[in-house]
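**Student:** What follows is target_10.cif; its format and atoms are mmCIF, C-alpha atoms and all ligand atoms.
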data_my_file
loop_
_atom_site.group_PDB
_atom_site.id
_atom_site.type_symbol
_atom_site.label_atom_id
_atom_site.label_comp_id
_atom_site.auth_asym_id
_atom_site.auth_seq_id
_atom_site.Cartn_x
_atom_site.Cartn_y
_atom_site.Cartn_z
ATOM 1 C CA MET A 15 -64.177 25.779 -9.341
ATOM 2 C CA PRO A 16 -61.945 25.997 -12.459
ATOM 3 C CA ASN A 17 -63.823 25.136 -15.633
ATOM 4 C CA LEU A 18 -62.517 22.037 -17.408
ATOM 5 C CA GLN A 19 -65.734 21.240 -19.268
ATOM 6 C CA ASN A 20 -64.949 19.368 -22.522
ATOM 7 C CA LYS A 21 -61.198 20.034 -22.305
ATOM 8 C CA SER A 22 -59.205 17.372 -24.146
ATOM 9 C CA ILE A 23 -56.594 16.109 -21.702
ATOM 10 C CA VAL A 24 -53.976 13.385 -22.134
ATOM 11 C CA ILE A 25 -52.411 11.930 -18.985
ATOM 12 C CA THR A 26 -49.471 9.521 -19.194
ATOM 13 C CA GLY A 27 -48.953 7.011 -16.414
ATOM 14 C CA ALA A 28 -52.663 7.385 -15.723
ATOM 15 C CA ALA A 29 -53.331 3.714 -15.038
ATOM 16 C CA GLY A 30 -52.299 4.004 -11.390
ATOM 17 C CA GLY A 31 -51.283 6.202 -8.499
ATOM 18 C CA ILE A 32 -51.223 9.954 -8.984
ATOM 19 C CA GLY A 33 -52.116 9.841 -12.703
ATOM 20 C CA ALA A 34 -55.265 7.768 -12.112
ATOM 21 C CA ALA A 35 -56.398 10.073 -9.296
ATOM 22 C CA ILE A 36 -55.987 13.110 -11.558
ATOM 23 C CA ALA A 37 -57.692 11.366 -14.497
ATOM 24 C CA LYS A 38 -60.763 10.487 -12.426
ATOM 25 C CA ALA A 39 -61.029 13.916 -10.786
ATOM 26 C CA LEU A 40 -60.663 15.934 -13.998
ATOM 27 C CA ALA A 41 -63.124 13.634 -15.780
ATOM 28 C CA ALA A 42 -65.596 14.336 -12.967
ATOM 29 C CA ASP A 43 -65.002 18.043 -13.690
ATOM 30 C CA GLY A 44 -66.197 17.434 -17.269
ATOM 31 C CA ALA A 45 -62.865 17.036 -19.071
ATOM 32 C CA ARG A 46 -62.410 14.350 -21.715
ATOM 33 C CA ILE A 47 -59.482 12.167 -20.721
ATOM 34 C CA LEU A 48 -57.123 9.939 -22.670
ATOM 35 C CA VAL A 49 -55.737 7.491 -20.124
ATOM 36 C CA ALA A 50 -52.277 6.557 -21.460
ATOM 37 C CA ASP A 51 -50.027 3.980 -19.860
ATOM 38 C CA LEU A 52 -47.496 1.242 -20.500
ATOM 39 C CA SER A 53 -50.105 -1.142 -19.143
ATOM 40 C CA GLU A 54 -53.000 -1.177 -21.600
ATOM 41 C CA GLU A 55 -55.034 -3.445 -19.353
ATOM 42 C CA ALA A 56 -54.756 -1.110 -16.371
ATOM 43 C CA ALA A 57 -55.396 1.948 -18.591
ATOM 44 C CA ASN A 58 -58.566 0.309 -19.894
ATOM 45 C CA ARG A 59 -59.654 -0.354 -16.330
ATOM 46 C CA VAL A 60 -59.273 3.314 -15.303
ATOM 47 C CA ALA A 61 -61.010 4.557 -18.479
ATOM 48 C CA GLY A 62 -63.806 2.072 -17.801
ATOM 49 C CA GLU A 63 -64.227 3.371 -14.244
ATOM 50 C CA ILE A 64 -64.448 6.937 -15.546
ATOM 51 C CA THR A 65 -67.024 5.996 -18.181
ATOM 52 C CA ALA A 66 -69.052 4.003 -15.639
ATOM 53 C CA ALA A 67 -69.146 7.119 -13.440
ATOM 54 C CA GLY A 68 -70.625 9.126 -16.345
ATOM 55 C CA GLY A 69 -67.383 10.710 -17.591
ATOM 56 C CA THR A 70 -65.672 10.638 -20.973
ATOM 57 C CA ALA A 71 -62.458 8.672 -21.305
ATOM 58 C CA LYS A 72 -60.522 6.473 -23.673
ATOM 59 C CA ALA A 73 -57.454 4.352 -23.026
ATOM 60 C CA ILE A 74 -54.297 3.854 -25.042
ATOM 61 C CA ALA A 75 -51.059 1.936 -24.578
ATOM 62 C CA VAL A 76 -47.968 4.124 -24.717
ATOM 63 C CA ASP A 77 -44.300 3.779 -23.915
ATOM 64 C CA VAL A 78 -43.256 7.385 -23.338
ATOM 65 C CA ARG A 79 -39.710 6.513 -24.435
ATOM 66 C CA ARG A 80 -40.962 5.796 -27.962
ATOM 67 C CA ARG A 81 -41.687 8.847 -30.095
ATOM 68 C CA ALA A 82 -43.990 6.922 -32.450
ATOM 69 C CA ASP A 83 -46.110 5.810 -29.461
ATOM 70 C CA VAL A 84 -46.288 9.356 -28.109
ATOM 71 C CA ARG A 85 -47.240 10.769 -31.523
ATOM 72 C CA ALA A 86 -49.956 8.118 -31.876
ATOM 73 C CA MET A 87 -51.199 8.933 -28.354
ATOM 74 C CA ILE A 88 -51.643 12.629 -29.114
ATOM 75 C CA ASP A 89 -53.187 11.897 -32.513
ATOM 76 C CA ALA A 90 -55.636 9.545 -30.778
ATOM 77 C CA ALA A 91 -56.733 12.360 -28.447
ATOM 78 C CA VAL A 92 -57.213 14.740 -31.379
ATOM 79 C CA SER A 93 -59.138 12.108 -33.289
ATOM 80 C CA ALA A 94 -61.367 11.205 -30.300
ATOM 81 C CA PHE A 95 -61.914 14.665 -28.791
ATOM 82 C CA GLY A 96 -61.254 17.037 -31.732
ATOM 83 C CA ARG A 97 -58.149 18.728 -30.285
ATOM 84 C CA LEU A 98 -55.510 18.636 -27.538
ATOM 85 C CA ASP A 99 -55.780 21.161 -24.697
ATOM 86 C CA VAL A 100 -53.514 19.722 -21.993
ATOM 87 C CA LEU A 101 -50.780 17.088 -21.788
ATOM 88 C CA PHE A 102 -49.774 15.719 -18.388
ATOM 89 C CA ASN A 103 -46.338 14.078 -18.632
ATOM 90 C CA ASN A 104 -46.802 12.035 -15.486
ATOM 91 C CA ALA A 105 -45.432 8.556 -16.273
ATOM 92 C CA GLY A 106 -42.389 7.719 -14.217
ATOM 93 C CA VAL A 107 -40.273 4.985 -12.685
ATOM 94 C CA ALA A 108 -38.145 4.890 -9.545
ATOM 95 C CA GLN A 109 -35.339 2.727 -8.319
ATOM 96 C CA THR A 110 -33.411 2.664 -5.041
ATOM 97 C CA ARG A 111 -29.651 2.193 -5.436
ATOM 98 C CA PRO A 112 -26.821 3.279 -3.155
ATOM 99 C CA PHE A 113 -24.847 5.964 -5.005
ATOM 100 C CA LEU A 114 -21.821 3.804 -5.850
ATOM 101 C CA ASP A 115 -23.983 0.931 -7.120
ATOM 102 C CA ILE A 116 -25.824 2.863 -9.849
ATOM 103 C CA THR A 117 -24.967 1.273 -13.189
ATOM 104 C CA GLU A 118 -25.235 2.706 -16.670
ATOM 105 C CA ASP A 119 -28.274 0.476 -17.224
ATOM 106 C CA ASP A 120 -29.897 1.824 -14.031
ATOM 107 C CA TRP A 121 -29.234 5.372 -15.228
ATOM 108 C CA HIS A 122 -30.852 4.694 -18.605
ATOM 109 C CA PHE A 123 -33.810 2.839 -17.089
ATOM 110 C CA VAL A 124 -34.734 5.788 -14.872
ATOM 111 C CA THR A 125 -33.756 8.779 -16.977
ATOM 112 C CA ASP A 126 -35.092 7.423 -20.276
ATOM 113 C CA VAL A 127 -38.620 7.304 -18.862
ATOM 114 C CA ASN A 128 -38.545 10.247 -16.468
ATOM 115 C CA ALA A 129 -36.525 12.770 -18.489
ATOM 116 C CA MET A 130 -36.375 11.722 -22.157
ATOM 117 C CA GLY A 131 -40.027 10.634 -22.011
ATOM 118 C CA VAL A 132 -40.988 14.112 -20.800
ATOM 119 C CA LEU A 133 -38.882 15.759 -23.529
ATOM 120 C CA ILE A 134 -40.579 13.688 -26.255
ATOM 121 C CA GLY A 135 -44.022 14.337 -24.791
ATOM 122 C CA MET A 136 -43.436 18.093 -24.731
ATOM 123 C CA GLN A 137 -42.065 18.147 -28.282
ATOM 124 C CA GLU A 138 -44.974 16.212 -29.758
ATOM 125 C CA ALA A 139 -47.558 18.236 -27.814
ATOM 126 C CA VAL A 140 -46.069 21.526 -29.029
ATOM 127 C CA LYS A 141 -46.298 20.332 -32.657
ATOM 128 C CA THR A 142 -50.020 19.730 -32.155
ATOM 129 C CA PHE A 143 -50.555 22.994 -30.245
ATOM 130 C CA ARG A 144 -48.912 24.870 -33.154
ATOM 131 C CA ALA A 145 -51.036 23.034 -35.730
ATOM 132 C CA GLN A 146 -54.103 24.157 -33.734
ATOM 133 C CA GLY A 147 -52.961 27.796 -33.928
ATOM 134 C CA GLY A 148 -51.183 28.163 -30.581
ATOM 135 C CA GLY A 149 -52.116 27.939 -26.929
ATOM 136 C CA GLY A 150 -52.024 24.754 -24.883
ATOM 137 C CA LYS A 151 -50.776 23.545 -21.531
ATOM 138 C CA ILE A 152 -48.032 21.114 -20.617
ATOM 139 C CA ILE A 153 -47.954 19.860 -17.037
ATOM 140 C CA ASN A 154 -45.083 17.686 -15.880
ATOM 141 C CA THR A 155 -44.844 15.593 -12.743
ATOM 142 C CA ALA A 156 -41.515 16.424 -11.124
ATOM 143 C CA SER A 157 -40.843 15.662 -7.437
ATOM 144 C CA ILE A 158 -39.263 16.938 -4.248
ATOM 145 C CA ALA A 159 -36.362 14.980 -5.785
ATOM 146 C CA GLY A 160 -36.385 17.602 -8.539
ATOM 147 C CA LYS A 161 -35.480 20.210 -5.907
ATOM 148 C CA GLN A 162 -33.053 18.221 -3.743
ATOM 149 C CA GLY A 163 -30.802 15.260 -4.476
ATOM 150 C CA TYR A 164 -31.588 12.238 -2.315
ATOM 151 C CA GLU A 165 -29.186 9.393 -1.720
ATOM 152 C CA PRO A 166 -29.886 6.541 -2.617
ATOM 153 C CA LEU A 167 -32.112 7.993 -5.327
ATOM 154 C CA ALA A 168 -29.393 9.962 -7.124
ATOM 155 C CA HIS A 169 -30.331 8.973 -10.664
ATOM 156 C CA TYR A 170 -34.039 9.412 -9.897
ATOM 157 C CA SER A 171 -33.264 12.861 -8.472
ATOM 158 C CA ALA A 172 -31.223 13.737 -11.563
ATOM 159 C CA SER A 173 -34.145 12.725 -13.774
ATOM 160 C CA LYS A 174 -36.514 14.965 -11.803
ATOM 161 C CA PHE A 175 -34.102 17.942 -11.871
ATOM 162 C CA ALA A 176 -34.204 17.360 -15.637
ATOM 163 C CA VAL A 177 -38.001 17.648 -15.566
ATOM 164 C CA VAL A 178 -37.734 21.012 -13.794
ATOM 165 C CA ALA A 179 -35.136 22.184 -16.345
ATOM 166 C CA LEU A 180 -37.215 21.016 -19.320
ATOM 167 C CA THR A 181 -40.240 22.820 -17.860
ATOM 168 C CA GLN A 182 -38.290 26.079 -17.582
ATOM 169 C CA ALA A 183 -36.718 25.747 -21.043
ATOM 170 C CA ALA A 184 -40.047 25.006 -22.750
ATOM 171 C CA ALA A 185 -41.676 27.930 -20.954
ATOM 172 C CA ARG A 186 -38.990 30.202 -22.417
ATOM 173 C CA ALA A 187 -39.218 28.596 -25.866
ATOM 174 C CA PHE A 188 -42.992 28.666 -26.372
ATOM 175 C CA GLY A 189 -44.393 31.411 -24.140
ATOM 176 C CA LYS A 190 -44.891 33.832 -27.025
ATOM 177 C CA GLU A 191 -47.149 31.233 -28.655
ATOM 178 C CA GLY A 192 -49.366 31.104 -25.581
ATOM 179 C CA ILE A 193 -48.121 27.630 -24.707
ATOM 180 C CA THR A 194 -47.427 27.211 -21.000
ATOM 181 C CA ALA A 195 -45.272 24.602 -19.266
ATOM 182 C CA ASN A 196 -45.490 24.014 -15.533
ATOM 183 C CA ALA A 197 -44.719 21.166 -13.174
ATOM 184 C CA PHE A 198 -45.803 20.017 -9.755
ATOM 185 C CA CYS A 199 -43.556 18.316 -7.227
ATOM 186 C CA PRO A 200 -45.145 15.681 -4.994
ATOM 187 C CA GLY A 201 -43.496 14.544 -1.749
ATOM 188 C CA VAL A 202 -43.964 11.032 -0.364
ATOM 189 C CA VAL A 203 -47.114 9.613 -1.900
ATOM 190 C CA ALA A 204 -48.598 6.202 -1.085
ATOM 191 C CA THR A 205 -48.517 4.550 -4.531
ATOM 192 C CA ASP A 206 -46.961 1.459 -6.102
ATOM 193 C CA MET A 207 -43.878 3.556 -6.819
ATOM 194 C CA TRP A 208 -43.142 3.993 -3.114
ATOM 195 C CA LYS A 209 -43.610 0.239 -2.587
ATOM 196 C CA THR A 210 -40.770 -0.205 -5.113
ATOM 197 C CA ILE A 211 -38.630 2.449 -3.406
ATOM 198 C CA ASP A 212 -39.312 0.999 0.062
ATOM 199 C CA LYS A 213 -38.396 -2.506 -1.113
ATOM 200 C CA GLY A 214 -35.216 -1.090 -2.662
ATOM 201 C CA PHE A 215 -34.221 0.360 0.729
ATOM 202 C CA ARG A 216 -34.711 -3.071 2.332
ATOM 203 C CA ASP A 217 -32.925 -4.923 -0.488
ATOM 204 C CA SER A 218 -29.991 -2.523 -0.121
ATOM 205 C CA GLY A 219 -29.856 -3.166 3.650
ATOM 206 C CA LEU A 220 -30.644 0.484 4.373
ATOM 207 C CA THR A 221 -33.872 -0.361 6.221
ATOM 208 C CA HIS A 222 -35.202 -3.597 7.641
ATOM 209 C CA LYS A 223 -38.965 -3.303 8.070
ATOM 210 C CA GLU A 224 -41.657 -2.827 5.460
ATOM 211 C CA ASN A 225 -42.629 0.863 5.170
ATOM 212 C CA GLU A 226 -39.681 1.927 7.353
ATOM 213 C CA ALA A 227 -38.242 4.095 4.558
ATOM 214 C CA PHE A 228 -41.699 5.359 3.559
ATOM 215 C CA ASP A 229 -42.599 6.312 7.136
ATOM 216 C CA GLY A 230 -39.157 7.783 7.764
ATOM 217 C CA PHE A 231 -39.348 10.088 4.751
ATOM 218 C CA ALA A 232 -43.012 10.967 5.342
ATOM 219 C CA ALA A 233 -42.187 12.007 8.910
ATOM 220 C CA GLY A 234 -40.465 15.032 7.376
ATOM 221 C CA ALA A 235 -43.773 16.524 6.208
ATOM 222 C CA LEU A 236 -44.832 19.532 8.264
ATOM 223 C CA LEU A 237 -48.486 18.589 7.796
ATOM 224 C CA GLY A 238 -47.794 15.409 9.739
ATOM 225 C CA ARG A 239 -48.711 12.648 7.335
ATOM 226 C CA ALA A 240 -47.688 10.938 4.118
ATOM 227 C CA SER A 241 -49.338 12.113 0.928
ATOM 228 C CA ARG A 242 -52.145 10.385 -0.938
ATOM 229 C CA PRO A 243 -52.653 10.597 -4.730
ATOM 230 C CA ASP A 244 -55.731 12.801 -4.175
ATOM 231 C CA ASP A 245 -53.496 15.472 -2.606
ATOM 232 C CA LEU A 246 -52.240 16.295 -6.110
ATOM 233 C CA VAL A 247 -55.678 16.783 -7.653
ATOM 234 C CA GLY A 248 -56.077 20.432 -6.647
ATOM 235 C CA VAL A 249 -52.822 21.590 -8.221
ATOM 236 C CA ALA A 250 -53.496 19.476 -11.333
ATOM 237 C CA ARG A 251 -56.931 21.051 -11.730
ATOM 238 C CA PHE A 252 -55.479 24.543 -11.286
ATOM 239 C CA LEU A 253 -52.650 23.971 -13.771
ATOM 240 C CA ALA A 254 -55.012 22.437 -16.365
ATOM 241 C CA SER A 255 -57.522 25.288 -16.143
ATOM 242 C CA SER A 256 -57.507 28.891 -17.323
ATOM 243 C CA ASP A 257 -56.912 29.948 -13.689
ATOM 244 C CA SER A 258 -53.204 29.303 -14.340
ATOM 245 C CA ASP A 259 -53.073 31.049 -17.735
ATOM 246 C CA PHE A 260 -50.539 33.704 -16.631
ATOM 247 C CA MET A 261 -48.168 31.206 -15.047
ATOM 248 C CA THR A 262 -45.387 29.358 -16.838
ATOM 249 C CA GLY A 263 -42.021 27.765 -16.104
ATOM 250 C CA GLN A 264 -42.934 26.987 -12.489
ATOM 251 C CA SER A 265 -42.476 23.782 -10.517
ATOM 252 C CA LEU A 266 -44.871 23.842 -7.573
ATOM 253 C CA LEU A 267 -44.081 21.878 -4.429
ATOM 254 C CA VAL A 268 -47.185 20.060 -3.149
ATOM 255 C CA ASP A 269 -45.541 17.874 -0.532
ATOM 256 C CA GLY A 270 -47.187 18.633 2.799
ATOM 257 C CA GLY A 271 -44.245 20.898 3.636
ATOM 258 C CA MET A 272 -41.151 18.756 3.123
ATOM 259 C CA VAL A 273 -39.000 21.070 1.026
ATOM 260 C CA LEU A 274 -39.211 24.803 1.693
ATOM 261 C CA VAL A 275 -37.714 27.029 -0.994
HETATM 262 N N1 LIG A 301 -45.159 8.325 -5.301
HETATM 263 C C1 LIG A 301 -44.416 9.356 -4.934
HETATM 264 O O1 LIG A 301 -44.093 9.518 -3.760
HETATM 265 C C2 LIG A 301 -43.946 10.377 -5.945
HETATM 266 C C3 LIG A 301 -43.279 11.509 -5.469
HETATM 267 C C4 LIG A 301 -42.847 12.467 -6.359
HETATM 268 C C5 LIG A 301 -43.074 12.299 -7.706
HETATM 269 N N2 LIG A 301 -43.714 11.193 -8.157
HETATM 270 C C6 LIG A 301 -43.912 11.077 -9.600
HETATM 271 O O2 LIG A 301 -45.298 10.961 -9.862
HETATM 272 C C7 LIG A 301 -45.476 10.270 -11.098
HETATM 273 C C8 LIG A 301 -46.506 9.178 -10.896
HETATM 274 O O3 LIG A 301 -45.969 8.253 -9.959
HETATM 275 P P1 LIG A 301 -46.863 7.328 -9.005
HETATM 276 O O4 LIG A 301 -46.341 7.491 -7.632
HETATM 277 O O5 LIG A 301 -48.298 7.546 -9.287
HETATM 278 O O6 LIG A 301 -46.347 5.906 -9.506
HETATM 279 P P2 LIG A 301 -47.104 4.617 -10.049
HETATM 280 O O7 LIG A 301 -46.040 3.594 -10.180
HETATM 281 O O8 LIG A 301 -48.302 4.326 -9.233
HETATM 282 O O9 LIG A 301 -47.596 5.084 -11.492
HETATM 283 C C9 LIG A 301 -46.706 5.308 -12.545
HETATM 284 C C10 LIG A 301 -47.388 4.875 -13.832
HETATM 285 O O10 LIG A 301 -46.479 5.139 -14.923
HETATM 286 C C11 LIG A 301 -46.549 4.048 -15.818
HETATM 287 N N3 LIG A 301 -45.321 3.968 -16.614
HETATM 288 C C12 LIG A 301 -44.083 3.572 -16.211
HETATM 289 N N4 LIG A 301 -43.226 3.583 -17.242
HETATM 290 C C13 LIG A 301 -43.919 4.009 -18.331
HETATM 291 C C14 LIG A 301 -43.581 4.228 -19.682
HETATM 292 N N5 LIG A 301 -42.342 3.985 -20.152
HETATM 293 N N6 LIG A 301 -44.545 4.674 -20.513
HETATM 294 C C15 LIG A 301 -45.805 4.884 -20.074
HETATM 295 N N7 LIG A 301 -46.190 4.676 -18.796
HETATM 296 C C16 LIG A 301 -45.250 4.240 -17.933
HETATM 297 C C17 LIG A 301 -46.764 2.841 -14.939
HETATM 298 O O11 LIG A 301 -47.314 1.750 -15.681
HETATM 299 C C18 LIG A 301 -47.704 3.367 -13.869
HETATM 300 O O12 LIG A 301 -49.071 3.174 -14.183
HETATM 301 C C19 LIG A 301 -44.092 9.778 -11.516
HETATM 302 O O13 LIG A 301 -43.537 10.648 -12.475
HETATM 303 C C20 LIG A 301 -43.306 9.846 -10.233
HETATM 304 O O14 LIG A 301 -41.917 9.970 -10.454
HETATM 305 C C21 LIG A 301 -44.175 10.230 -7.314
#
Just dump the structure as structure tokens.

**Tutor:**
Amino acid sequence: MPNLQNKSIVITGAAGGIGAAIAKALAADGARILVADLSEEAANRVAGEITAAGGTAKAIAVDVRRRADVRAMIDAAVSAFGRLDVLFNNAGVAQTRPFLDITEDDWHFVTDVNAMGVLIGMQEAVKTFRAQGGGGKIINTASIAGKQGYEPLAHYSASKFAVVALTQAAARAFGKEGITANAFCPGVVATDMWKTIDKGFRDSGLTHKENEAFDGFAAGALLGRASRPDDLVGVARFLASSDSDFMTGQSLLVDGGMVLV
């Protein structure tokens, strides 16, 4: 089992779905977790659950599009836990729109959170890693949509290709300082996000029944089922631990076998 004892880990978008599953699992491994999310109430709830289970966690409100929020988030981790070891840039939004219907506002809504938010998170984390004397791990949540463009999720796919590109560029920029940047790419995971995507398919007239889009996409997984948030815990634990120290710039597909590259 990788050793995460006392590691100081910040996870954005940790109030629900994949981020909450990772927060709870790594806290159970002994890491100290800052649960960061747009929803302060939900972040407090997750941090409370971790603390009640005997772990160490704090919660903070953050909008990953706002640099001042992100700076304050990282400073809060350093102040609470003494340093920053790992930043998970996991917060994200999705939206279903047929290709020709995507507006400039839609583009900004999705890419500001999913791509610019990741850029800001990486920049502010690197400043802190440098101030600590080097080393540190950045882990970004990309997607199968960061490997293939899906219609009608073109702008979402573009934002996730951006995450893969930012991961590679940061790996090249900061490798000599011992700072690693990796990503993982989930497939079709049963979270609130997929409820939004599924509803978008129905609202666009592309599907008619609830979960029709979800089930249709999930049917493409070689392992024969849709993903659950817990399916991403193993890769998150690996990437956060010293077991992945000699790996950087990678975007690992953990999708039950949907995209083979
Ligand atoms: N669910 C899937 O099938 C799937 C597949 C591939 C990738 N992903 C990615 O996984 C990540 C987590 O998604 P999820 O499925 O757990 O979704 P989710 O909707 O359950 O959780 C996303 C969290 O991000 C938070 N968030 C949204 N905008 C934010 C902002 N501006 N600042 C801070 N927090 C913000 C939300 O409040 C929410 O708690 C996302 O990056 C998503 O794109 C999800």

**Student:** Can you turn the PyMOL selection byres (((chain A and resi 19) around 8) and not hetatm) into a concrete residue list for this file, as a PyMOL selection string?

**Tutor:** chain A and resi 17-18+20-21+43-45

**Student:** Give me the box for ligand LIG 301 (chain A) as AutoDock Vina command-line options, namely the centre and edge lengths in Å to one decimal of a box along x, y and z that holds every listed atom plus 8 Å on each side.

**Tutor:**
--center_x -45.5 --center_y 7.1 --center_z -12.1 --size_x 23.2 --size_y 26.7 --size_z 32.8

**Student:** Work out how far atom CA of A:Gln162 is from atom N7 of ligand LIG 301 (chain A), in Å to one decimal.

**Tutor:**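 Atom-to-atom, atom N7 of ligand LIG 301 (chain A) and atom CA of A:Gln162 are spaced 24.1 Å apart.
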
**Student:** If the PyMOL selection byres (((chain A and resi 70-73) around 10) and not hetatm) is run on the structure shown, which residues does it catch, given as an MDAnalysis selection string?

**Tutor:** chainID A and resid 20 22:25 28:29 37:38 41:42 44:51 53:69 74:76 87 90:91 94:95

**Student:** Run the PyMOL selection byres (((chain A and resi 80-84) around 10) and not hetatm) on the file and write out the hits as an MDAnalysis selection string.

**Tutor:** chainID A and resid 26 50 74:79 85:90 126:127 130:131 133:139

**Student:** In Å, with one decimal, what is the gap from atom CA of A:Gln109 to atom CA of A:Ala35?

**Tutor:**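 These two atoms are separated by 22.3 Å.
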
**Student:** Choose the residue, out of A:Gly96, A:Gly160, A:Gly30, A:Pro112, that has the smallest atom-to-atom separation from A:Gly214; count all atoms listed in the file.

**Tutor:** A:Pro112

**Student:** Give me, as a PyMOL selection string, all polymer residues having an atom no more than 10 Å from A:Pro166, counting only C-alpha atoms and skipping those fewer than 6 positions away in the same chain.

**Tutor:** chain A and resi 109-116+211+214-215+218+220

**Student:** Counting only C-alpha atoms, figure out which residue out of A:Ile193, A:Asn104, A:Asp99, A:Ala34 gets nearest to A:Asp259.

**Tutor:**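 The closest residue to A:Asp259 is A:Ile193.
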
**Student:** With all atoms listed in the file as the basis for distance, which of A:Val100, A:Val132, A:Leu167, A:Leu274 is at the shortest distance from A:Ser256?

**Tutor:**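 Of A:Val100, A:Val132, A:Leu167, A:Leu274, the one nearest A:Ser256 is A:Val100, counting all atoms listed in the file.
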
**Student:** Looking at all atoms listed in the file, which of A:Lys190, A:Arg97, A:Lys174, A:His122 is the one that sits closest to ligand LIG 301 (chain A)?

**Tutor:**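 That would be A:Lys174, the residue with the smallest distance to ligand LIG 301 (chain A).
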
**Student:** List the neighbours of A:Arg239 out to 10 Å using only C-alpha atoms; skip same-chain residues closer than 2 positions along the sequence, and give me the result as a PDB file with C-alpha atoms, in the coordinates of the input.

**Tutor:**
ATOM      1  CA  VAL A 202     -43.964  11.032  -0.364  1.00  0.00           C
ATOM      2  CA  VAL A 203     -47.114   9.613  -1.900  1.00  0.00           C
ATOM      3  CA  ASP A 229     -42.599   6.312   7.136  1.00  0.00           C
ATOM      4  CA  ALA A 232     -43.012  10.967   5.342  1.00  0.00           C
ATOM      5  CA  ALA A 233     -42.187  12.007   8.910  1.00  0.00           C
ATOM      6  CA  GLY A 234     -40.465  15.032   7.376  1.00  0.00           C
ATOM      7  CA  ALA A 235     -43.773  16.524   6.208  1.00  0.00           C
ATOM      8  CA  LEU A 236     -44.832  19.532   8.264  1.00  0.00           C
ATOM      9  CA  LEU A 237     -48.486  18.589   7.796  1.00  0.00           C
ATOM     10  CA  SER A 241     -49.338  12.113   0.928  1.00  0.00           C
ATOM     11  CA  ARG A 242     -52.145  10.385  -0.938  1.00  0.00           C
ATOM     12  CA  ASP A 269     -45.541  17.874  -0.532  1.00  0.00           C
ATOM     13  CA  GLY A 270     -47.187  18.633   2.799  1.00  0.00           C
TER      14      GLY A 270
END

**Student:** One decimal, Å: what's the distance from atom CA of A:Met261 over to atom CA of A:Asp245, could you say?

**Tutor:**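 Distance reported for this atom pair: 20.8 Å.
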
**Student:** Taking all atoms listed in the file into account, which of A:Val107, A:Met272, A:Met15, A:Leu266 comes nearest A:Asp206?

**Tutor:**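 Smallest separation from A:Asp206 among the options: A:Val107.
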
**Student:** Find the residue from A:Asp257, A:Asp212, A:Asp217, A:Glu226 that sits nearest to ligand LIG 301 (chain A); use all atoms listed in the file when measuring.

**Tutor:**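 So, comparing all the options, the nearest one is A:Asp212.
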
**Student:** Find the residues around A:Thr155 up to 12 Å (only C-alpha atoms counted), leave out those fewer than 4 positions away in its own chain, and share them as a PyMOL selection string.

**Tutor:** chain A and resi 25-28+32-33+36+101-107+128-129+131-132+159-160+173-178+180-181+195-201+246+249-250+253+264-268

**Student:** Using only C-alpha atoms and a cutoff of 9 Å, can you tell me which residues are near (-53.6, 21.3, -33.4) in the file's coordinates, and write them out as a PDB file with C-alpha atoms, keeping the file's coordinate frame?

**Tutor:**
ATOM      1  CA  VAL A  92     -57.213  14.740 -31.379  1.00  0.00           C
ATOM      2  CA  GLY A  96     -61.254  17.037 -31.732  1.00  0.00           C
ATOM      3  CA  ARG A  97     -58.149  18.728 -30.285  1.00  0.00           C
ATOM      4  CA  LEU A  98     -55.510  18.636 -27.538  1.00  0.00           C
ATOM      5  CA  ASP A  99     -55.780  21.161 -24.697  1.00  0.00           C
ATOM      6  CA  ALA A 139     -47.558  18.236 -27.814  1.00  0.00           C
ATOM      7  CA  VAL A 140     -46.069  21.526 -29.029  1.00  0.00           C
ATOM      8  CA  LYS A 141     -46.298  20.332 -32.657  1.00  0.00           C
ATOM      9  CA  THR A 142     -50.020  19.730 -32.155  1.00  0.00           C
ATOM     10  CA  PHE A 143     -50.555  22.994 -30.245  1.00  0.00           C
ATOM     11  CA  ARG A 144     -48.912  24.870 -33.154  1.00  0.00           C
ATOM     12  CA  ALA A 145     -51.036  23.034 -35.730  1.00  0.00           C
ATOM     13  CA  GLN A 146     -54.103  24.157 -33.734  1.00  0.00           C
ATOM     14  CA  GLY A 147     -52.961  27.796 -33.928  1.00  0.00           C
ATOM     15  CA  GLY A 148     -51.183  28.163 -30.581  1.00  0.00           C
TER      16      GLY A 148
END
